[in-house]
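A.B. asks: Pasting protein-v4.txt here (compact mmCIF, C-alpha atoms):
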```txt
# COMPACT_ATOMS: atom_id res chain seq x y z
CA MET O 1 0.00 0.00 0.00
CA ASP O 2 1.09 3.57 -0.54
CA SER O 3 2.08 5.60 2.49
CA ALA O 4 1.47 9.30 2.90
CA PRO O 5 4.31 11.45 4.15
CA LEU O 6 4.41 12.20 7.84
CA SER O 7 5.37 15.61 9.20
CA PRO O 8 7.87 16.86 6.62
CA ALA O 9 11.46 17.44 7.56
CA PRO O 10 13.25 20.63 6.46
CA SER O 11 14.18 20.64 2.79
CA THR O 12 17.89 20.45 3.69
CA ILE O 13 17.39 16.98 5.17
CA THR O 14 17.24 13.93 2.92
CA PHE O 15 16.52 10.32 3.73
CA ARG O 16 18.34 7.50 1.98
CA ASP O 17 19.91 4.08 2.47
CA LEU O 18 22.75 4.15 4.95
CA PRO O 19 25.69 2.34 3.31
CA ASP O 20 28.14 0.03 5.06
CA THR O 21 30.76 2.76 4.78
CA ASP O 22 28.69 4.89 7.19
CA LEU O 23 28.25 2.25 9.88
CA ASP O 24 30.89 3.77 12.13
CA ARG O 25 29.31 7.20 11.72
CA ALA O 26 25.96 5.64 12.63
CA LEU O 27 27.38 4.12 15.79
CA ASP O 28 29.00 7.41 16.77
CA LEU O 29 25.59 9.06 16.44
CA LEU O 30 23.91 6.27 18.42
CA TYR O 31 26.37 6.55 21.31
CA LEU O 32 26.11 10.34 21.29
CA VAL O 33 22.34 10.18 21.60
CA PHE O 34 22.28 7.47 24.27
CA HIS O 35 25.28 8.82 26.23
CA GLU O 36 27.34 5.64 25.86
CA THR O 37 31.04 4.94 25.49
CA PRO O 38 31.14 1.24 24.76
CA GLU O 39 34.18 -0.98 24.80
CA ASP O 40 35.47 -2.36 21.52
CA GLU O 41 33.71 -5.73 21.89
CA LYS O 42 30.30 -4.13 22.38
CA ARG O 43 30.89 -1.73 19.48
CA LYS O 44 31.80 -4.66 17.24
CA HIS O 45 28.60 -6.43 18.33
CA HIS O 46 26.49 -3.41 17.38
CA HIS O 47 28.42 -3.03 14.13
CA ASP O 48 27.66 -6.64 13.20
CA LEU O 49 23.98 -6.23 14.07
CA LEU O 50 23.66 -3.06 12.00
CA ARG O 51 25.34 -4.70 9.05
CA GLY O 52 22.52 -7.24 8.92
CA CYS O 53 19.74 -4.64 9.13
CA ASP O 54 17.89 -2.52 6.62
CA ARG O 55 19.06 1.03 7.38
CA VAL O 56 17.78 4.54 6.70
CA GLY O 57 19.95 7.58 7.35
CA ALA O 58 18.81 11.18 7.66
CA TYR O 59 21.41 13.51 6.17
CA ASP O 60 21.68 17.27 6.50
CA GLY O 61 23.89 17.82 3.51
CA GLU O 62 26.51 15.13 4.07
CA THR O 63 26.17 15.12 7.86
CA LEU O 64 24.41 12.10 9.32
CA VAL O 65 21.79 13.44 11.75
CA GLY O 66 19.38 10.52 12.07
CA LEU O 67 19.31 6.73 11.94
CA LEU O 68 16.65 4.03 11.84
CA ALA O 69 17.49 0.35 11.40
CA ALA O 70 15.16 -2.60 10.99
CA PHE O 71 15.92 -6.25 11.57
CA ARG O 72 14.50 -8.52 8.86
CA PHE O 73 12.18 -10.41 11.17
CA THR O 74 9.33 -12.79 10.51
CA LEU O 75 6.73 -12.67 13.30
CA SER O 76 4.35 -15.43 14.37
CA VAL O 77 0.73 -14.30 14.16
CA PRO O 78 -2.35 -16.38 15.01
CA GLY O 79 -2.44 -19.19 12.48
CA GLY O 80 0.70 -18.25 10.58
CA GLU O 81 3.52 -15.75 10.28
CA LEU O 82 4.17 -12.47 8.48
CA PRO O 83 7.23 -10.39 7.59
CA CYS O 84 7.69 -7.75 10.26
CA PRO O 85 10.65 -5.35 10.37
CA GLY O 86 11.99 -4.97 13.91
CA VAL O 87 12.77 -1.29 14.43
CA SER O 88 15.89 -0.48 16.43
CA PHE O 89 18.91 1.85 16.71
CA VAL O 90 16.64 4.89 16.28
CA SER O 91 18.70 8.02 16.87
CA VAL O 92 18.35 11.74 16.12
CA ALA O 93 21.25 14.14 16.67
CA PRO O 94 20.60 16.59 19.54
CA THR O 95 21.16 19.45 17.11
CA HIS O 96 18.23 18.26 14.96
CA ARG O 97 15.52 17.38 17.46
CA ARG O 98 11.97 18.61 16.79
CA ARG O 99 12.76 19.21 13.13
CA GLY O 100 10.81 16.30 11.64
CA VAL O 101 13.75 13.90 11.43
CA LEU O 102 12.06 11.06 13.33
CA SER O 103 8.84 11.56 11.38
CA GLY O 104 10.81 11.38 8.16
CA LEU O 105 12.62 8.21 9.19
CA ILE O 106 9.38 6.48 10.11
CA ALA O 107 7.73 7.66 6.89
CA GLU O 108 10.60 5.99 5.03
CA LEU O 109 10.04 2.80 7.04
CA PHE O 110 6.33 2.76 6.28
CA GLY O 111 6.93 3.45 2.60
CA ARG O 112 9.39 0.58 2.32
CA CYS O 113 7.02 -1.75 4.17
CA GLY O 114 4.31 -0.93 1.64
CA ALA O 115 6.61 -1.38 -1.34
CA GLU O 116 7.87 -4.74 -0.07
CA ASP O 117 4.53 -6.21 1.13
CA ARG O 118 5.44 -6.15 4.80
CA PRO O 119 2.13 -5.40 6.56
CA LEU O 120 3.55 -5.15 10.08
CA ALA O 121 6.35 -3.36 11.86
CA ALA O 122 7.39 -3.76 15.49
CA LEU O 123 9.71 -2.32 18.08
CA TRP O 124 10.68 -3.30 21.59
CA ALA O 125 9.40 -1.50 24.67
CA SER O 126 10.08 2.20 24.26
CA GLU O 127 8.45 5.55 24.96
CA ASP O 128 4.74 5.25 24.27
CA ALA O 129 4.40 9.03 24.09
CA ILE O 130 6.71 8.96 21.05
CA TYR O 131 5.75 5.81 19.19
CA GLY O 132 2.08 5.77 20.08
CA ARG O 133 1.56 8.81 17.89
CA PHE O 134 2.99 6.85 14.97
CA GLY O 135 0.41 4.10 15.48
CA PHE O 136 2.47 1.55 17.45
CA GLY O 137 0.44 -0.18 20.15
CA PRO O 138 1.67 -2.51 22.93
CA ALA O 139 0.78 -6.00 21.70
CA THR O 140 2.68 -8.27 24.10
CA TYR O 141 3.48 -7.94 27.79
CA GLY O 142 6.04 -9.51 30.05
CA THR O 143 6.28 -10.20 33.75
CA THR O 144 9.28 -10.44 36.03
CA VAL O 145 9.07 -13.43 38.35
CA GLU O 146 11.29 -14.04 41.38
CA ILE O 147 11.61 -17.35 43.21
CA ASN O 148 13.07 -17.59 46.69
CA THR O 149 15.18 -20.74 46.47
CA GLU O 150 16.51 -20.75 50.02
CA ARG O 151 14.06 -23.64 50.38
CA PRO O 152 12.98 -26.29 47.83
CA LEU O 153 10.54 -25.12 45.18
CA ALA O 154 7.02 -26.23 46.09
CA LEU O 155 5.09 -27.61 43.10
CA ARG O 156 1.52 -28.76 42.56
CA VAL O 157 2.44 -31.00 39.61
CA THR O 158 4.90 -33.86 39.36
CA PRO O 159 7.90 -32.80 37.26
CA ALA O 160 8.68 -34.81 34.14
CA ASP O 161 11.18 -37.58 34.77
CA GLY O 162 13.23 -37.10 31.61
CA PRO O 163 16.99 -36.58 32.02
CA LEU O 164 18.54 -33.12 32.11
CA ARG O 165 21.81 -32.36 30.37
CA LEU O 166 23.99 -29.26 30.10
CA VAL O 167 24.85 -28.26 26.54
CA ASP O 168 27.82 -26.27 25.29
CA PRO O 169 26.46 -22.81 24.32
CA ALA O 170 28.49 -22.94 21.10
CA SER O 171 26.55 -25.98 19.91
CA ALA O 172 23.22 -25.09 21.54
CA PRO O 173 21.75 -23.06 18.64
CA GLU O 174 21.90 -26.02 16.28
CA LEU O 175 20.13 -28.17 18.87
CA LEU O 176 17.56 -25.62 20.06
CA ALA O 177 16.65 -23.89 16.80
CA ALA O 178 14.54 -26.73 15.41
CA TYR O 179 12.71 -27.10 18.72
CA TYR O 180 12.08 -23.37 18.97
CA ASP O 181 10.83 -23.21 15.36
CA ARG O 182 8.45 -26.08 16.07
CA THR O 183 7.00 -24.50 19.20
CA ARG O 184 6.98 -20.77 18.42
CA SER O 185 3.78 -20.94 16.36
CA ALA O 186 1.88 -21.82 19.55
CA ARG O 187 2.14 -18.17 20.58
CA ALA O 188 1.82 -15.07 18.47
CA GLY O 189 4.48 -12.39 18.77
CA ARG O 190 7.59 -14.56 18.37
CA ILE O 191 10.29 -13.85 15.83
CA HIS O 192 12.10 -16.41 13.72
CA ARG O 193 15.59 -16.70 15.19
CA THR O 194 18.33 -16.96 12.60
CA ASP O 195 21.62 -18.70 13.36
CA ALA O 196 23.23 -15.27 13.75
CA TRP O 197 20.49 -14.16 16.17
CA TRP O 198 20.94 -17.25 18.32
CA SER O 199 24.69 -16.67 18.47
CA GLU O 200 24.80 -12.89 18.84
CA GLU O 201 21.80 -12.37 21.11
CA TRP O 202 21.32 -15.53 23.13
CA MET O 203 24.73 -17.18 23.36
CA VAL O 204 27.05 -14.17 23.51
CA THR O 205 29.63 -14.75 26.24
CA GLU O 206 29.37 -11.41 28.03
CA ASP O 207 25.98 -9.98 28.87
CA GLU O 208 25.61 -6.49 27.42
CA ASP O 209 23.88 -5.04 30.49
CA ASP O 210 25.67 -6.80 33.35
CA ASP O 211 29.25 -8.01 32.98
CA ASP O 212 29.08 -9.65 36.42
CA LEU O 213 26.85 -12.36 35.00
CA SER O 214 28.34 -15.65 33.88
CA PRO O 215 28.35 -16.80 30.27
CA PRO O 216 25.09 -18.47 29.23
CA ARG O 217 24.27 -21.90 30.58
CA VAL O 218 21.94 -24.16 28.61
CA VAL O 219 20.08 -27.07 30.15
CA VAL O 220 18.02 -29.40 27.96
CA LEU O 221 15.27 -31.76 29.05
CA GLY O 222 15.11 -35.14 27.32
CA THR O 223 12.54 -37.90 27.62
CA ARG O 224 12.76 -41.24 29.35
CA GLU O 225 12.33 -42.93 25.97
CA ASP O 226 14.94 -40.76 24.23
CA PRO O 227 17.46 -39.03 26.51
CA GLU O 228 18.86 -37.09 23.52
CA ALA O 229 15.48 -35.64 22.57
CA VAL O 230 14.55 -32.01 23.27
CA ALA O 231 11.36 -31.79 25.33
CA GLY O 232 12.27 -28.40 26.75
CA TYR O 233 15.20 -26.15 27.58
CA ALA O 234 16.30 -23.23 29.72
CA ILE O 235 18.93 -20.57 29.04
CA TYR O 236 20.25 -18.87 32.14
CA ARG O 237 23.21 -17.04 33.67
CA THR O 238 24.51 -17.02 37.23
CA LYS O 239 25.81 -14.24 39.44
CA SER O 240 27.45 -14.20 42.85
CA ARG O 241 26.33 -11.58 45.38
CA ASP O 242 28.35 -10.21 48.30
CA ASP O 243 25.39 -9.82 50.63
CA ALA O 244 23.40 -12.96 49.79
CA SER O 245 23.47 -16.32 48.09
CA GLY O 246 24.01 -16.28 44.35
CA MET O 247 21.36 -15.46 41.77
CA ILE O 248 20.10 -17.26 38.67
CA ARG O 249 18.88 -15.02 35.88
CA LEU O 250 16.61 -16.98 33.58
CA ASP O 251 16.55 -15.66 30.02
CA ASP O 252 14.43 -18.23 28.19
CA LEU O 253 12.49 -21.36 29.08
CA GLU O 254 10.35 -23.56 26.85
CA ALA O 255 8.79 -26.97 27.46
CA ASP O 256 6.33 -29.27 25.75
CA THR O 257 4.24 -29.85 28.86
CA PRO O 258 3.62 -28.26 32.28
CA GLN O 259 5.43 -31.22 33.81
CA GLY O 260 8.45 -30.53 31.60
CA ALA O 261 8.41 -26.87 32.63
CA ALA O 262 8.18 -27.92 36.26
CA ALA O 263 11.29 -30.09 35.84
CA LEU O 264 13.25 -27.14 34.46
CA TRP O 265 12.05 -24.72 37.15
CA ARG O 266 12.93 -27.28 39.85
CA TYR O 267 16.40 -27.64 38.36
CA LEU O 268 16.97 -23.88 38.37
CA ALA O 269 15.71 -23.55 41.93
CA SER O 270 18.02 -26.30 43.20
CA ILE O 271 21.38 -25.05 41.88
CA ASP O 272 23.88 -24.95 44.75
CA LEU O 273 25.05 -21.69 46.31
CA THR O 274 22.11 -19.70 44.94
CA GLY O 275 19.08 -18.31 46.72
CA LEU O 276 17.14 -16.47 44.02
CA VAL O 277 15.86 -17.14 40.52
CA ARG O 278 14.94 -13.97 38.66
CA ALA O 279 13.06 -14.54 35.40
CA TRP O 280 12.56 -11.43 33.32
CA GLY O 281 9.96 -11.15 30.58
CA ARG O 282 7.90 -14.27 31.19
CA PRO O 283 4.45 -14.55 29.57
CA LEU O 284 1.49 -13.31 31.58
CA ASP O 285 -0.07 -16.78 31.43
CA ASP O 286 3.08 -18.68 32.40
CA PRO O 287 1.88 -22.02 33.88
CA LEU O 288 4.44 -21.59 36.68
CA LEU O 289 2.06 -19.09 38.26
CA HIS O 290 -0.53 -21.85 38.60
CA PHE O 291 1.55 -24.92 39.41
CA ALA O 292 3.76 -23.17 41.99
CA GLY O 293 2.76 -24.61 45.35
CA ASP O 294 3.51 -21.42 47.31
CA ARG O 295 2.86 -18.04 45.72
CA ASP O 296 4.74 -16.35 48.56
CA GLN O 297 7.79 -18.19 47.24
CA VAL O 298 7.06 -17.34 43.58
CA ARG O 299 6.28 -13.64 43.20
CA VAL O 300 5.48 -11.42 40.23
CA THR O 301 7.60 -8.30 40.79
CA GLY O 302 7.08 -6.48 37.49
CA HIS O 303 4.70 -6.16 34.56
CA PHE O 304 5.61 -4.23 31.43
CA PRO O 305 4.73 -3.74 27.74
CA ALA O 306 7.22 -5.50 25.50
CA LEU O 307 6.56 -5.71 21.75
CA ARG O 308 4.84 -2.73 20.16
CA VAL O 309 3.21 -3.49 16.82
CA ARG O 310 2.19 -1.22 13.94
CA LEU O 311 -0.36 -2.35 11.35
CA VAL O 312 1.20 -0.71 8.32
CA ASP O 313 -1.30 -2.37 6.00
CA VAL O 314 -4.38 -3.14 8.09
CA ARG O 315 -6.10 -5.19 5.40
CA ALA O 316 -3.09 -7.42 4.69
CA ALA O 317 -2.45 -7.86 8.40
CA LEU O 318 -6.02 -8.93 9.11
CA LEU O 319 -6.10 -11.31 6.16
CA GLY O 320 -2.78 -12.79 7.26
CA ARG O 321 -4.01 -14.21 10.56
CA SER O 322 -6.56 -16.86 11.54
CA TRP O 323 -9.76 -16.24 13.47
CA ALA O 324 -11.33 -17.98 16.44
CA ALA O 325 -14.97 -17.12 15.68
CA PRO O 326 -17.11 -15.74 12.85
CA ALA O 327 -17.78 -12.01 12.81
CA ASP O 328 -19.40 -9.48 10.48
CA LEU O 329 -18.59 -5.96 11.61
CA VAL O 330 -18.01 -2.52 10.15
CA LEU O 331 -14.87 -1.00 11.64
CA GLU O 332 -14.13 2.70 11.46
CA VAL O 333 -10.36 2.87 11.78
CA ARG O 334 -8.57 6.12 12.53
CA ASP O 335 -5.09 6.36 11.04
CA THR O 336 -3.73 9.88 10.63
CA ARG O 337 -0.37 8.63 9.35
CA LEU O 338 -1.39 6.19 6.61
CA PRO O 339 -4.61 7.33 4.88
CA ALA O 340 -5.14 4.02 3.07
CA ASN O 341 -5.95 2.49 6.47
CA ASP O 342 -8.27 5.32 7.49
CA GLY O 343 -12.01 4.90 7.01
CA ARG O 344 -14.82 2.39 7.30
CA PHE O 345 -14.29 -1.24 6.36
CA ARG O 346 -16.43 -4.35 6.67
CA LEU O 347 -14.60 -7.21 8.35
CA ARG O 348 -16.00 -10.69 7.78
CA THR O 349 -14.30 -13.62 9.45
CA THR O 350 -14.79 -17.35 9.71
CA ALA O 351 -13.40 -19.66 12.35
CA SER O 352 -11.57 -21.82 9.81
CA GLY O 353 -8.97 -19.40 8.50
CA THR O 354 -5.36 -20.53 8.45
CA GLY O 355 -3.60 -17.19 8.44
CA THR O 356 -1.72 -17.80 5.22
CA GLY O 357 -1.80 -14.19 4.12
CA THR O 358 -3.92 -15.07 1.09
CA GLY O 359 -7.24 -13.89 2.43
CA THR O 360 -8.41 -17.29 3.66
CA GLY O 361 -10.69 -16.89 6.66
CA ALA O 362 -11.44 -13.18 6.35
CA ALA O 363 -12.52 -10.37 4.05
CA TYR O 364 -11.89 -6.67 4.67
CA ASP O 365 -13.35 -4.18 2.24
CA PRO O 366 -14.24 -0.46 2.18
CA THR O 367 -17.88 0.32 2.90
CA GLU O 368 -20.19 3.26 3.40
CA ASP O 369 -22.31 1.35 5.92
CA PRO O 370 -22.50 2.80 9.43
CA ALA O 371 -19.78 1.68 11.81
CA ASP O 372 -20.30 -0.93 14.51
CA LEU O 373 -16.99 0.05 16.16
CA SER O 374 -14.69 3.06 15.91
CA LEU O 375 -11.12 2.70 17.09
CA ASP O 376 -7.61 3.98 16.53
CA VAL O 377 -5.15 1.93 14.50
CA ARG O 378 -2.79 1.71 17.49
CA ASP O 379 -5.51 0.05 19.59
CA LEU O 380 -6.36 -2.36 16.78
CA ALA O 381 -2.64 -3.21 16.69
CA SER O 382 -2.66 -3.92 20.43
CA ALA O 383 -5.55 -6.35 19.99
CA TYR O 384 -4.27 -7.88 16.74
CA LEU O 385 -2.15 -10.68 18.24
CA GLY O 386 -4.83 -11.65 20.77
CA GLY O 387 -3.46 -9.82 23.79
CA ALA O 388 -5.46 -6.70 24.60
CA THR O 389 -9.23 -6.73 24.20
CA VAL O 390 -11.18 -4.22 22.15
CA ALA O 391 -13.74 -4.11 24.96
CA SER O 392 -11.06 -2.72 27.29
CA PHE O 393 -10.50 0.19 24.90
CA VAL O 394 -14.25 0.82 24.78
CA ARG O 395 -14.39 0.87 28.58
CA ALA O 396 -11.45 3.29 28.60
CA GLY O 397 -13.29 5.66 26.26
CA VAL O 398 -10.68 5.51 23.46
CA ALA O 399 -12.84 3.28 21.23
CA THR O 400 -16.56 3.62 20.59
CA GLU O 401 -19.06 0.78 20.31
CA HIS O 402 -21.95 1.92 18.10
CA THR O 403 -23.63 -1.49 17.99
CA PRO O 404 -24.06 -3.28 21.33
CA GLY O 405 -22.00 -6.45 21.44
CA ALA O 406 -19.68 -5.43 18.60
CA ALA O 407 -16.58 -5.27 20.78
CA ALA O 408 -17.33 -8.68 22.30
CA ALA O 409 -17.82 -10.15 18.82
CA LEU O 410 -14.49 -8.81 17.60
CA ASP O 411 -12.73 -10.00 20.74
CA ALA O 412 -14.17 -13.49 20.27
CA ALA O 413 -12.83 -13.55 16.71
CA LEU O 414 -9.39 -12.29 17.79
CA ARG O 415 -9.05 -14.66 20.75
CA THR O 416 -6.04 -16.97 20.95
CA GLU O 417 -5.50 -20.00 23.17
CA LEU O 418 -2.27 -18.55 24.59
CA LEU O 419 -1.46 -14.91 25.14
CA PRO O 420 1.04 -13.41 22.70
CA HIS O 421 4.57 -13.16 24.03
CA THR O 422 8.14 -12.61 23.02
CA SER O 423 11.37 -12.75 24.99
CA ASP O 424 13.53 -11.43 22.12
CA GLU O 425 14.53 -7.91 23.03
CA PHE O 426 15.88 -5.69 20.27
```
Can you give me the file's structure in the form of structure tokens?
C.D. replies:
Amino acid sequence: MDSAPLSPAPSTITFRDLPDTDLDRALDLLYLVFHETPEDEKRKHHHDLLRGCDRVGAYDGETLVGLLAAFRFTLSVPGGELPCPGVSFVSVAPTHRRRGVLSGLIAELFGRCGAEDRPLAALWASEDAIYGRFGFGPATYGTTVEINTERPLALRVTPADGPLRLVDPASAPELLAAYYDRTRSARAGRIHRTDAWWSEEWMVTEDEDDDDLSPPRVVVLGTREDPEAVAGYAIYRTKSRDDASGMIRLDDLEADTPQGAAALWRYLASIDLTGLVRAWGRPLDDPLLHFAGDRDQVRVTGHFPALRVRLVDVRAALLGRSWAAPADLVLEVRDTRLPANDGRFRLRTTASGTGTGTGTGAAYDPTEDPADLSLDVRDLASAYLGGATVASFVRAGVATEHTPGAAAALDAALRTELLPHTSDEF
């Protein structure tokens, strides 16, 4: 779809591909904006990540004054997956703030998404006041869970009896990637992890935010029938503390069954010389919160928006997912940034769609019929993966239900068995 320009930048500023030869200039700008002076290893890491991204530079003459990069992600959506650039490294020189540079960069992003049939874009948790006005809505949430492991972990289910084995992080991606790819479709909001992403983001030796943490440890759960099988895994790091027993920081945990998850949590909670497991960014519906035998021992200490999604092409995005129930509704969508999305459209869904991106399971066409629901594109994005409910936006007064029951009908069609979630920060 065509994208309309956002707030125009001054005529002296142009937006174009940022070549490899400007990567060091881009990093200098990034560190200036975010007040960082990274060591050589971290700079090399960022350099390698940028090299694999699509990049837009804002230039005032030949001076680089803005940067936007996008990882070439594919995102799981209900019933399928869609291309979804992952926006990162966004920087505007302090000399050029409030001059339309960010608007111009995002306009370039939206234009490229339209030209390349990428109906979604996403970014990690950031300032809602900034990105909300560009139509990004929080679509997944995470929780921080802490387990006091000074005593054995109390469980209401019997852990799986498959063997556990520690795996060399260097060889872990090859082992875990196939398992992750098989399981990620169960939840919307998960990116496809390339070999480079596994190595550079999950298995990097030194943690970018805390160099006191150990290198990654990887434990894999097998089955009694096949000890070499992968029925679940956990990626974690350890840290000693001067004033208390050591800490386990859990980064990722997947399992085929609640019993498998219980086996992995029990393992983490029983590691010697540690007294705390801190798991950041777990799904809101993590089964741990139900099968933990003592909720005073297992506490939720944080709750935060994670992945923010933009429906760049609303029609293609809606046709690209599956639906849980039939619906026939006229939606009045407000989109001040991309006029092709703005207006009234009739959405018809069936419960048998497969989310192939070919239109199976839904139709979405312009109409002059009166609206059943009016809502902003950012709120439709928040509900798109099955996380937020449209009814909650109606109750908050930011969406309007013109036909009683319309919000409930749309929520029933959008519903997913599991809440959307991602643990891949970018």
A.B. asks: Hey, which of O:Ile130, O:Leu32, O:Tyr364, O:Ala327 ends up closest to O:Ala406? Count all atoms listed in the file.
C.D. replies: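 Once distances to O:Ala406 are computed over all atoms listed in the file, the minimum belongs to O:Ala327.
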A.B. asks: Of the candidates O:Ala129, O:Arg344, O:Val230, O:Ala26, which one gets nearest to O:Arg43 if we count only C-alpha atoms?
C.D. replies: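 That would be O:Ala26, the residue with the smallest distance to O:Arg43.
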A.B. asks: Counting all atoms listed in the file, what is within 6 Å of O:Glu146, bar same-chain residues fewer than 2 positions away, as a PyMOL selection string?
C.D. replies: chain O and resi 277-278+298-299
A.B. asks: Residues of the last selection are to be written out with C-alpha atoms, as a PDB file, in the frame of the given file.
C.D. replies:
```pdb
ATOM      1  CA  VAL O 277      15.860 -17.140  40.520  1.00  0.00           C
ATOM      2  CA  ARG O 278      14.940 -13.970  38.660  1.00  0.00           C
ATOM      3  CA  VAL O 298       7.060 -17.340  43.580  1.00  0.00           C
ATOM      4  CA  ARG O 299       6.280 -13.640  43.200  1.00  0.00           C
TER       5      ARG O 299
END
```
A.B. asks: Pick out the closest residue to O:Ala160 from this set: O:Ala262, O:Ala396, O:Ala412, O:Ala351. Count all atoms listed in the file.
C.D. replies: O:Ala262
A.B. asks: Considering all atoms listed in the file, can you say which of O:Thr301, O:Asp335, O:Asp195, O:Pro152 comes closest to O:Asp272?
C.D. replies: O:Pro152
A.B. asks: Mind checking which residues fall within 8 Å of O:Leu385, counting only C-alpha atoms, ignoring those fewer than 4 positions away in the same chain, and posting them as a ChimeraX atom specification?
C.D. replies: /O:77-78,139-140,188-189,381,414,416,420
A.B. asks: Tell me, as a count of residues only, which residues lie within 12 Å of O:Glu116, counting only C-alpha atoms; anything in the same chain fewer than 5 positions away does not count.
C.D. replies: 11
A.B. asks: Would you be able to write out as a tab-separated table (two decimals) with C-alpha atoms, in the coordinates of the input which residues have an atom within 12 Å of (15.0, -21.2, 39.0) in the file's coordinates, counting all atoms listed in the file?
C.D. replies:
```tsv
chain	number	residue	atom	x	y	z
O	145	VAL	CA	9.07	-13.43	38.35
O	146	GLU	CA	11.29	-14.04	41.38
O	147	ILE	CA	11.61	-17.35	43.21
O	148	ASN	CA	13.07	-17.59	46.69
O	149	THR	CA	15.18	-20.74	46.47
O	150	GLU	CA	16.51	-20.75	50.02
O	151	ARG	CA	14.06	-23.64	50.38
O	152	PRO	CA	12.98	-26.29	47.83
O	153	LEU	CA	10.54	-25.12	45.18
O	154	ALA	CA	7.02	-26.23	46.09
O	219	VAL	CA	20.08	-27.07	30.15
O	234	ALA	CA	16.30	-23.23	29.72
O	235	ILE	CA	18.93	-20.57	29.04
O	236	TYR	CA	20.25	-18.87	32.14
O	237	ARG	CA	23.21	-17.04	33.67
O	238	THR	CA	24.51	-17.02	37.23
O	246	GLY	CA	24.01	-16.28	44.35
O	247	MET	CA	21.36	-15.46	41.77
O	248	ILE	CA	20.10	-17.26	38.67
O	249	ARG	CA	18.88	-15.02	35.88
O	250	LEU	CA	16.61	-16.98	33.58
O	251	ASP	CA	16.55	-15.66	30.02
O	252	ASP	CA	14.43	-18.23	28.19
O	253	LEU	CA	12.49	-21.36	29.08
O	261	ALA	CA	8.41	-26.87	32.63
O	262	ALA	CA	8.18	-27.92	36.26
O	263	ALA	CA	11.29	-30.09	35.84
O	264	LEU	CA	13.25	-27.14	34.46
O	265	TRP	CA	12.05	-24.72	37.15
O	266	ARG	CA	12.93	-27.28	39.85
O	267	TYR	CA	16.40	-27.64	38.36
O	268	LEU	CA	16.97	-23.88	38.37
O	269	ALA	CA	15.71	-23.55	41.93
O	270	SER	CA	18.02	-26.30	43.20
O	271	ILE	CA	21.38	-25.05	41.88
O	272	ASP	CA	23.88	-24.95	44.75
O	274	THR	CA	22.11	-19.70	44.94
O	275	GLY	CA	19.08	-18.31	46.72
O	276	LEU	CA	17.14	-16.47	44.02
O	277	VAL	CA	15.86	-17.14	40.52
O	278	ARG	CA	14.94	-13.97	38.66
O	279	ALA	CA	13.06	-14.54	35.40
O	280	TRP	CA	12.56	-11.43	33.32
O	288	LEU	CA	4.44	-21.59	36.68
O	292	ALA	CA	3.76	-23.17	41.99
O	297	GLN	CA	7.79	-18.19	47.24
O	298	VAL	CA	7.06	-17.34	43.58
```
A.B. asks: Looking at only C-alpha atoms, which of O:Gly66, O:Leu50, O:Gly61, O:Leu175 is the one that sits closest to O:Pro94?
C.D. replies: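 Answer, going by the shortest atom-to-atom distance: O:Gly66.
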